[in-house]
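Asker: One structure follows; several queries about it will come next.
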Amino acid sequence: MWHDAFHFDSLVWDGPIAIYLFLLGISAGSATLSVLLRRQGAGSESGIIKATALLAPVSVILGLLILIFHLARPWTFWKLMFHYQFDSVMSMGVMLFQVYMAVLFAWLAVVFRAEIEALRRRLLVDKFAFVDGLIGWLARFERLLAPLLLLLAVLLGAYTGFLLSALKTYPMLNNPILPALFLVSGISSGVASTILLAVTLFREDGHSRGVSFVHRFERPIVAIELFLLLCFFTGLYFGGGQREAAMWAAIGGGFWSQVFWFGVIGLGILLPQLLGLVGSPAKAHQPARLVLICSLSLVGILLLRYFILYAGQMTVM
Amino acid sequence: MKKIIKWLLLASLALGAGQLALASAQAADATPAAPSATSSADQAAQPTLAERQAKAEKKKAAAKKAAARFAKCEKCHDGEEGMHGKHGQVTNPNTGEQVTCTNCHGNASADHRKQRGGMVDVMRFGNDAFPLSQQNGVCMSCHEPDDLRKALWAHDVHATRISCTSCHQLHPAKEPMVGIPEKSRIKLCVDCHRKQHEAGLGGAVKEGS
Amino acid sequence: MSTTRRDFMVGMSAGALILLTGAPRALANSMTIKGVRYGMIHDETACIGCTACMDACREVNQVPAGVARLQILRSGPVGEYPAQEYRFFRKSCQHCDNVPCVHVCPTGASHIRAEDGIVDINPDLCVGCRYCLAACPYQVRFINPVTRVADKCDFCRKTNLAVGKQPACVEACPTKALVFGNLDDPNSPIAKRLVQETTYRYKQFLGTSPKMYRVPKGEVKS
């Protein structure tokens, strides 16, 4: 059963791509939330923003590395950055990545300006002093950088959806809901991953301003995600023909159907919500509980990526 | 409000768990039924050539007669006309004895060489002296269409159109079609169909033709 | 904002003149490309399923084992013995005019040639991302295990066509079930047959405008 679920004739993009989609969602989601949090006045002392400083660049770089080694000719990856095709979603994505990373690093440098300067002084004494000046100059544009990063992060979150929806071959993927679904799911993964890292690695209190702010996105985002999933499958059903066949094949029974219902919905959405409601309010923001709930959410989102990618490629137009 | 949501979520989880239990129970019910269904289906199907041959092996008690019959033809037809291939060793499922010359070529009279019109009571394969259905009918008295299809799909569309001996040769030790390499098989199709197409005879059956 | 009638007319004409001279790149999606557009007919009523075309393609283009540029898919038998019919379907690149695999390629390795309408792959630019494999609705592309780049039928552009011969599959067919030629030349054998016979194109509803035509045997399998 496992073998047939992961190996079938119409499969082209496999596991590593699902992981890449997941990592991109985390990067885009965490960057979006941190820009919004900074607007509330938070700075480099916030555990959430510290978590983003780690998550956003690392996850996008890791995702790209996975992608590069997934190529049939990994060492030719640089050609992607020197040849652009304006009707290829992937090529536009490559451009987007580069701009996103530049703006991300610039914004993070501005937010963590004091820390970077202190670190440089401690480790390098007088060398690379121009970096302080450079960051100072960038800080003048923070009012431009922040909304730009917000826009780029949202585009990046949606980009993975556009990438798959360009494929006419697969009726389940060739769907207008996919970019919206991936963006919302990405923000959800941003919420979960920033809270997870903030309360563990950065020992932030569960009641802090940052965690509360980000947490307030949780329920509306989950509601929107469920609604988008409803629109997605209803749209496939109404599409008839191969679209309807794809829907039944995906959620009507079999391995991927179980992954969806028990993994994505049960483990990733229902169980965290349930855990959030059960138990005393006093223990509500204990680190251990938050870690559990956030981890379950993240697992559910990863399973959603796997499900969309694999089940989506099962049925051909 | 929170309590209502809490109980709703608990109820849906319970429902999901119930569905899972139901689904696995149904799967457990379905699987034992499958093997028994296939075995009864096997018995209902026609026995293959191999099975019929095995059955005929048991009837081989009086196989001495075969040797005697062979000897009569061999008096004149020795050497390459002898049956050096597999058909010389297998058992005819219709008689229960070894395959003989007369099984395929018919009971020739003693002076068949001198017959008017040239050997009319000896079955000959691959020429127009005998109707195609009669020629191929000899082979198909043992070889059934289903078995032929399993060996190669192309038997289906050739069995009633050309003689079996167009491709098969039974007398040599090695039958050329057995284990034929793919390239040679393709050449066989191409050679004949190209000639046919150039002669304007039409290879495949056209709709309405 | 006000203008004189004269200025308006001058401005409009200048604008129209400029817009009429479009970029040559746009021709990739248009119908006629410099007068040559190669296409092919597979006559399913003449095809006998001998697979000589598959063998010839593999040999001439040195296609490695395990992958195929051309496949003949057999379906059937339909009907009762001895009146049984088989049907043979050619699976190979359709050389679409509205090419999904070209639209998705990030480096431009997958492209449609302006001189003859053949959809081809530039192996130097291909990084092997497999986007084109996923984008092709006919699923005829594969990663060549030897060169590690995307590969597919190219109408023998680099082999037979380059020396003035017909594609290998066309030459190998014993019943002349394959016809190859310039679709835009009304006097070519292929254009004449398209006018005379009923043909269909596979998955035409997707809007890919494939240049592989098929003469149906029995029900049209669109």
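Going through the structure tokens in order, the chains are called A, B, and so on, while each chain numbers its residues from 1 and the ligands are numbered from 1 in the order shown.
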Extract, using only C-alpha atoms, all DNA, RNA and protein residues at most 12 Å from Met81 (chain A), discarding same-chain residues fewer than 3 positions from it, and format them as a compact mmCIF listing (two decimals) with C-alpha atoms, in the first residue's frame.

Answerer:
# COMPACT_ATOMS: atom_id res chain seq x y z
CA THR A 76 23.74 23.47 -13.50
CA PHE A 77 21.39 25.22 -11.06
CA TRP A 78 23.12 28.56 -11.63
CA TYR A 84 14.68 34.05 -17.25
CA GLN A 85 11.40 33.21 -18.97
CA MET A 90 9.23 28.85 -11.78
CA SER A 91 11.47 31.44 -13.44
CA MET A 92 9.49 34.29 -11.91
CA GLY A 93 9.82 32.47 -8.59
CA VAL A 94 13.60 32.37 -8.94
CA MET A 95 13.56 36.13 -9.41
CA LEU A 96 11.22 36.54 -6.47
CA PHE A 97 13.49 34.46 -4.24
CA GLN A 98 16.46 36.59 -4.90
CA VAL A 99 14.66 39.85 -4.18
CA PRO C 106 12.40 28.34 -16.42
CA THR C 107 15.54 28.60 -18.54
CA LEU C 125 20.10 25.07 -20.77
CA VAL C 127 18.79 21.88 -15.47

Asker: As a PyMOL selection string, please: the residues near Ser75 (chain C) (cut-off 8 Å, only C-alpha atoms, same-chain neighbours under 5 positions excluded).

Answerer: chain C and resi 86-88

Asker: Contacts from chain B to chain A, 8 Å maximum, only C-alpha atoms: show me the residue list as a VMD selection string.

Answerer: chain B and resid 2 6 9 to 10 13

Asker: Residues of chain C within 6 Å of chain A, counting only C-alpha atoms - could you list those as a list in words?

Answerer: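 Every residue meeting the condition is included here: His103, Val104, Cys105, Pro106, Thr107, Val127, Gly128, Cys129, Ala134, Ala135, Pro137 and Arg148 of chain C.
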
Asker: Excluding same-chain residues fewer than 6 positions from Ile17 (chain A), what lies within 9 Å of it counting only C-alpha atoms, as a PyMOL selection string?

Answerer: chain A and resi 63+66-67+70+305-306+309

Asker: Can you write out the residues you just picked, keeping N, CA and C atoms, as a PDB file, in the first residue's frame?

Answerer:
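Below you can see out10.pdb, which holds the result:
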ATOM      1  N   GLY A  63      15.271  24.977   1.895  1.00  0.00           N
ATOM      2  CA  GLY A  63      14.346  24.571   0.843  1.00  0.00           C
ATOM      3  C   GLY A  63      14.993  24.631  -0.527  1.00  0.00           C
ATOM      4  N   ILE A  66      17.515  21.792  -0.979  1.00  0.00           N
ATOM      5  CA  ILE A  66      16.831  20.533  -1.292  1.00  0.00           C
ATOM      6  C   ILE A  66      16.442  20.515  -2.761  1.00  0.00           C
ATOM      7  N   LEU A  67      15.944  21.638  -3.238  1.00  0.00           N
ATOM      8  CA  LEU A  67      15.517  21.747  -4.629  1.00  0.00           C
ATOM      9  C   LEU A  67      16.683  21.564  -5.581  1.00  0.00           C
ATOM     10  N   HIS A  70      17.654  18.105  -5.922  1.00  0.00           N
ATOM     11  CA  HIS A  70      16.607  17.314  -6.554  1.00  0.00           C
ATOM     12  C   HIS A  70      16.644  17.435  -8.073  1.00  0.00           C
ATOM     13  N   ARG A 305       0.834  19.415   2.487  1.00  0.00           N
ATOM     14  CA  ARG A 305       1.697  19.572   1.314  1.00  0.00           C
ATOM     15  C   ARG A 305       1.896  18.246   0.600  1.00  0.00           C
ATOM     16  N   TYR A 306       2.186  17.210   1.388  1.00  0.00           N
ATOM     17  CA  TYR A 306       2.376  15.870   0.802  1.00  0.00           C
ATOM     18  C   TYR A 306       1.101  15.425   0.100  1.00  0.00           C
ATOM     19  N   LEU A 309       0.411  17.374  -3.142  1.00  0.00           N
ATOM     20  CA  LEU A 309       1.382  17.022  -4.177  1.00  0.00           C
ATOM     21  C   LEU A 309       1.151  15.619  -4.730  1.00  0.00           C
TER      22      LEU A 309
END
